[in-house]
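One structure is given below, encoded as structure tokens.
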Amino acid sequence: MKSSNGYEIYVHIPFCVRKCDYCDFVSFACGADVHKMYFDALLRQIDETAETVGRVPVVSVFIGGGTPTVPDAQYIMAVLCKLKEKFDVSPDAEITIEANPNSASVEKLKVYKDAGINRLSIGLQSTEDNELKMLSRLHNYEEFLETYRDAREAGFDNINIDIMSAIPGQTIESYRRTLERVVELNPEHISAYSLIVEEGTPFYERYKDGKGLPDEDTEREMYYLTKQLLHEHGYERYEISNYSKPGRECRHNLGYWTRVPYLGFGIAAASFDGEKRFQAHSDLKRFCAGDFSAETETLSETDAMAEFMFLGLRLVRGIAKADFKKAFGRDMDEVYGEQLNKLATEGLLINGDQVMLTDKGMDVANYCMSEFV
Amino acid sequence: MRFVKASDLKRGMRLGRPIYNRKGELVYDIDHRLIDADIVQMRNSKIMGVFALDAAEPVPPMSDTEREYDRQRFLNVYALRDEMQKILFNHRANRIETIAESIVSSFEVFKKRIDFSQSVRSRDEYVCSHSVNVAILVTLMGTKLGITNADKLTAVKAALLHDIGKYVVPDKLLEGETAEEVDRILNNAQDTGFELIGMLFDGDKSVMNTCIQTHRILMNHRFGRKNDEKPTLLSRLLIVADTFDSMTAIDASGDLEPKSFVEALRYLRYNFEVFNVKAVEALENSIEMLKPGTTVLLNNNHQALVTVEARGDVLRPTVLEIKTNKIINLEDMSNRDIEIVDVIKKLDNRHVVDR
């Protein structure tokens, strides 16, 4: 792999207490034996990768899942120790772990904090218990509050809360309650996604015809409400679905959207060396047996440029033409002049040295991105 | 304590578990020393074998509840055997509800883990004995998971009848057939059996559906076929209980050594895509897996003695490594690489009495 100024690291922990009905991530409900086998393999994979790429600098670590807080916290500690041993993890690196209420006791949270984790991302989704039930989540709002308080007590001063709109049965009023209650807690970061009914999930079978889901107008209204209400409370949108207090943007995600190279560990994790992408297989048992193979996907220059555009335009600050030139040795206008002009004429994009979507452009982001694919 | 086949029984051996007759009367108590006449009688009654104590092995303690549990098990096996004949010949089930209710009421009261060591089995009572064991296990597991009484009864009836296909086919029909042929015959018989179950419960298909789904998922697993089906709660219990008892019980032929609880539990845990993790945990909380006094083999090839039960993972208790005389708490992260691989059956349990 190509060396770089700094890598990001993603570690996939594919364990859950039970899989939620809408989830299409790679995760399994299994017991302690399998956890141990997986982490043993994970530590070996980190060793092997370090032998290939060397002691590269690391600027952020994201431990995602599944629910990384399900297995014993000591395992997570072992993984972080290993990463620090094998890579040059920056002392001020952002180290995030995803957590679900109910699976993160205060003792566990303290272990994470001691292990050097400095950012926590809690999957709340909704403050309405009936909506949580609808999503087959294993927690209620009260339990979330407990976890949130525990996290503060354990010393986490950088917390993200995930919330979700377009949940079956959700109304504008109930969604507003969720938003209001969340801002009241004053987290540093809020991710607000709308539910996508993915094929292959029990949700798909239930809602593939769209019946029972909030209609498109309601969904749109929820989207505007998110933007407005969070703005009023001091959260700035820096990406289509992500809001933060000033200076509290998720550095790991920012890196991903600006095509910083990353190393992925665990099943189904992707890696990117700046040119090629590697996608690991998602077979848990093969992984435990030591098969760390991944499929290599080489992006053509056209694809790489398109990706640069549609990932970068997700960010409110947009992309600098100079960065494009630096990455590909060509002028953005020469490659995408036609598309940029078209979107600018439609009032969806500002076409200066810095290219960014307008508010209106953000609202129809999918349409704008499709211009570059 | 170890299993001794009927053909290997010798005078002077002592029984490790009591034996009851069909009325629930005690025939041989635990620690009974066999005489020639006993051995002849056992062979005549086609008993496959018995659990015998090793020489100088003290009698394992057996509480009154454990004795009662053992007696109930015998009674239910006999009752089920009679009932099966009626189901096959008259297509009517008169007593299956009563047997199910008796199992649920006898076993749901066990709050503590119970010792589930197998008792004797004769070849012709094998299926009934297995079915009753599975029924007991689903009762215990269902209670741990807090399922309703109605669900518990359905699960128990399904457990009692899930192997009905094996009654449809007489043993001699299977003799001399290849393994594939036997599978095919049994599968056909199983279908016939399931149809029969469908007729028994006045239009309530839940027992039949649980049996069919369990059978289908376990067959897919056995033949390495992918399984996309999401089992119902009751099927999840039955799948785990059926597999655990089949693995740990004396083989129908009496030739194969049963697997230890440790080995069986690891198998269930490893194949998590088939054996639901919650159901497996309920099983772990229902029966004694590694109680203090059990001798085990560690993955460093040393033998050890379980001294304190684990608080979390039942397979990670505190042990005394015999060779080094070292106490090792397997729940401690620093001992994470040490694992119990098997239970050693031949060593005696003397310390149990010393406690």
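Simple scheme: letters A, B, ... for chains in structure tokens order, numbers from 1 for residues in each chain, numbers from 1 for ligands in the order shown.
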
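For B:Phe110, the non-local neighbours within 10 Å, defined as residues at least 4 positions apart in the same chain or in other chains and counting only C-alpha atoms, are Thr65, Glu66, Tyr69, Ser105, Ser106, Ile114, Thr139, Leu140, Thr143, Lys144, Ser286 and Ile287 of chain B.
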
Using DSSP on the backbone, list every residue of stretch 24-118 of chain A that comes out as strand (DSSP E or B), and give them as a VMD selection string.
-> chain A and resid 28 57 to 65 88 to 99

Return as JSON lines the residues of chain B lying at most 8 Å from chain A, together with the closest atom-to-atom pair for each and the distance in Å to one decimal, counting only C-alpha atoms, with rows in chain order and ascending residue number.
```
{"residue": "B:Arg266", "atom": "CA", "partner": "A:Asp33", "partner_atom": "CA", "distance": 7.4}
{"residue": "B:Arg269", "atom": "CA", "partner": "A:Gly31", "partner_atom": "CA", "distance": 6.1}
{"residue": "B:Tyr270", "atom": "CA", "partner": "A:Val34", "partner_atom": "CA", "distance": 6.2}
{"residue": "B:Phe272", "atom": "CA", "partner": "A:Cys30", "partner_atom": "CA", "distance": 5.6}
{"residue": "B:Glu273", "atom": "CA", "partner": "A:Phe28", "partner_atom": "CA", "distance": 8.0}
{"residue": "B:Asn276", "atom": "CA", "partner": "A:Cys30", "partner_atom": "CA", "distance": 7.7}
{"residue": "B:Val277", "atom": "CA", "partner": "A:Cys30", "partner_atom": "CA", "distance": 5.3}
{"residue": "B:Asp313", "atom": "CA", "partner": "A:Ala32", "partner_atom": "CA", "distance": 7.3}
{"residue": "B:Met333", "atom": "CA", "partner": "A:Gln74", "partner_atom": "CA", "distance": 7.1}
```

Prev. selection, N, CA, C and O atoms, output as a PDB file, in the first residue's frame:
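Result file is again_37.pdb:
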```pdb
ATOM      1  N   ARG B 266     -19.890 -26.434  23.318  1.00  0.00           N
ATOM      2  CA  ARG B 266     -19.033 -25.689  22.392  1.00  0.00           C
ATOM      3  C   ARG B 266     -19.556 -25.818  20.965  1.00  0.00           C
ATOM      4  O   ARG B 266     -19.509 -24.875  20.191  1.00  0.00           O
ATOM      5  N   ARG B 269     -22.486 -23.502  20.558  1.00  0.00           N
ATOM      6  CA  ARG B 269     -22.070 -22.101  20.529  1.00  0.00           C
ATOM      7  C   ARG B 269     -21.405 -21.752  19.202  1.00  0.00           C
ATOM      8  O   ARG B 269     -21.605 -20.662  18.669  1.00  0.00           O
ATOM      9  N   TYR B 270     -20.602 -22.677  18.705  1.00  0.00           N
ATOM     10  CA  TYR B 270     -19.867 -22.397  17.468  1.00  0.00           C
ATOM     11  C   TYR B 270     -20.816 -22.291  16.273  1.00  0.00           C
ATOM     12  O   TYR B 270     -20.628 -21.454  15.399  1.00  0.00           O
ATOM     13  N   PHE B 272     -23.624 -20.940  15.767  1.00  0.00           N
ATOM     14  CA  PHE B 272     -24.620 -19.979  16.247  1.00  0.00           C
ATOM     15  C   PHE B 272     -25.673 -19.647  15.200  1.00  0.00           C
ATOM     16  O   PHE B 272     -26.733 -19.143  15.521  1.00  0.00           O
ATOM     17  N   GLU B 273     -25.368 -19.909  13.929  1.00  0.00           N
ATOM     18  CA  GLU B 273     -26.350 -19.582  12.893  1.00  0.00           C
ATOM     19  C   GLU B 273     -27.528 -20.558  12.941  1.00  0.00           C
ATOM     20  O   GLU B 273     -28.592 -20.263  12.421  1.00  0.00           O
ATOM     21  N   ASN B 276     -29.752 -20.823  18.280  1.00  0.00           N
ATOM     22  CA  ASN B 276     -29.980 -19.474  18.786  1.00  0.00           C
ATOM     23  C   ASN B 276     -29.254 -19.218  20.101  1.00  0.00           C
ATOM     24  O   ASN B 276     -29.342 -20.016  21.038  1.00  0.00           O
ATOM     25  N   VAL B 277     -28.549 -18.105  20.147  1.00  0.00           N
ATOM     26  CA  VAL B 277     -27.681 -17.834  21.286  1.00  0.00           C
ATOM     27  C   VAL B 277     -28.469 -17.721  22.602  1.00  0.00           C
ATOM     28  O   VAL B 277     -28.031 -18.186  23.647  1.00  0.00           O
ATOM     29  N   ASP B 313     -19.481 -16.954  32.047  1.00  0.00           N
ATOM     30  CA  ASP B 313     -19.419 -18.075  31.117  1.00  0.00           C
ATOM     31  C   ASP B 313     -19.233 -19.396  31.873  1.00  0.00           C
ATOM     32  O   ASP B 313     -18.214 -19.595  32.538  1.00  0.00           O
ATOM     33  N   MET B 333      -9.064 -12.282  32.511  1.00  0.00           N
ATOM     34  CA  MET B 333      -8.624 -12.008  31.136  1.00  0.00           C
ATOM     35  C   MET B 333      -7.208 -12.529  30.871  1.00  0.00           C
ATOM     36  O   MET B 333      -6.883 -12.959  29.771  1.00  0.00           O
TER      37      MET B 333
END
```

Please identify all polymer residues within 9 Å of B:Leu305, counting only C-alpha atoms, omitting same-chain residues fewer than 3 positions from it, and present them as a PyMOL selection string.
-> chain B and resi 292-297+318-322

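Between A:Ala154 and the candidates A:Glu173, A:Glu128, A:Glu216, A:Glu107, the tightest atom-to-atom separation, counting only C-alpha atoms, involves A:Glu107.
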
Enumerate the residues of stretch 87-335 of chain B with a DSSP assignment of helix (DSSP H, G or I), computed from the backbone, and present them as a ChimeraX atom specification.
-> /B:87-90,96-107,123-145,149-161,165-168,171-174,179-200,206-222,233-248,261-270,277-284,333-335

Give me the residues within 7 Å of A:Val260 as number ranges by chain, counting only C-alpha atoms and dropping any in the same chain fewer than 4 places off.
-> A: 7, 255-256, 274

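Atom CA of A:Ala270 is positioned 12.5 Å from atom CA of A:Val26.
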
Nearest to A:Lys86: which of A:Pro57, A:Gly337, A:Gly290, A:Gly123 is it, counting only C-alpha atoms?
-> A:Pro57

Compile the contact shell of A:Asn158 as an MDAnalysis selection string: residues with an atom at most 7 Å away, counting only C-alpha atoms, same-chain residues fewer than 2 positions apart removed.
-> chainID A and resid 118:120 156 160 188

Go ahead and write the selection's residues with C-alpha atoms as a CSV table (one decimal), in the first residue's frame.
```csv
chain,number,residue,atom,x,y,z
A,118,ASN,CA,-12.3,9.5,23.5
A,119,ARG,CA,-15.5,9.5,21.5
A,120,LEU,CA,-18.7,7.6,22.0
A,156,PHE,CA,-16.7,11.0,27.8
A,160,ASN,CA,-22.6,11.4,19.2
A,188,GLU,CA,-21.4,17.3,20.9
```

Surrounding residues of A:Ala320 excluding itself and chain neighbours under 5 positions, 10 Å, only C-alpha atoms, as a ChimeraX atom specification = /A:312,325-326,332,352-356

Those residues with N, CA and C atoms, as a PDB file, in the first residue's frame please?
```pdb
ATOM      1  N   GLY A 312     -17.144  14.326  -1.689  1.00  0.00           N
ATOM      2  CA  GLY A 312     -16.798  15.669  -1.208  1.00  0.00           C
ATOM      3  C   GLY A 312     -17.993  16.595  -1.152  1.00  0.00           C
ATOM      4  N   LYS A 325      -7.107  19.160  -8.480  1.00  0.00           N
ATOM      5  CA  LYS A 325      -5.949  19.265  -9.376  1.00  0.00           C
ATOM      6  C   LYS A 325      -4.773  18.486  -8.784  1.00  0.00           C
ATOM      7  N   LYS A 326      -4.617  18.628  -7.461  1.00  0.00           N
ATOM      8  CA  LYS A 326      -3.508  17.964  -6.786  1.00  0.00           C
ATOM      9  C   LYS A 326      -3.674  16.433  -6.866  1.00  0.00           C
ATOM     10  N   MET A 332     -10.687  20.654 -12.553  1.00  0.00           N
ATOM     11  CA  MET A 332     -12.058  20.159 -12.353  1.00  0.00           C
ATOM     12  C   MET A 332     -12.969  20.649 -13.475  1.00  0.00           C
ATOM     13  N   GLY A 352     -17.197  28.125  -7.430  1.00  0.00           N
ATOM     14  CA  GLY A 352     -16.053  29.038  -7.308  1.00  0.00           C
ATOM     15  C   GLY A 352     -14.779  28.229  -7.182  1.00  0.00           C
ATOM     16  N   ASP A 353     -13.758  28.772  -6.508  1.00  0.00           N
ATOM     17  CA  ASP A 353     -12.551  27.980  -6.256  1.00  0.00           C
ATOM     18  C   ASP A 353     -12.908  26.804  -5.355  1.00  0.00           C
ATOM     19  N   GLN A 354     -13.859  27.099  -4.489  1.00  0.00           N
ATOM     20  CA  GLN A 354     -14.409  26.050  -3.628  1.00  0.00           C
ATOM     21  C   GLN A 354     -15.781  25.689  -4.217  1.00  0.00           C
ATOM     22  N   VAL A 355     -15.987  24.425  -4.500  1.00  0.00           N
ATOM     23  CA  VAL A 355     -17.274  24.017  -5.076  1.00  0.00           C
ATOM     24  C   VAL A 355     -18.135  23.416  -3.977  1.00  0.00           C
ATOM     25  N   MET A 356     -19.343  23.917  -3.817  1.00  0.00           N
ATOM     26  CA  MET A 356     -20.206  23.346  -2.771  1.00  0.00           C
ATOM     27  C   MET A 356     -21.676  23.391  -3.188  1.00  0.00           C
TER      28      MET A 356
END
```

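Minimum atom-to-atom distances from B:Tyr267, B:Phe275, B:Phe51, B:Phe223 to B:Arg236 were compared using only C-alpha atoms, and the lowest value belongs to B:Phe275.
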
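For the pair atom CA of A:Ala268 and atom CA of A:Ser121, the interatomic distance is 20.2 Å.
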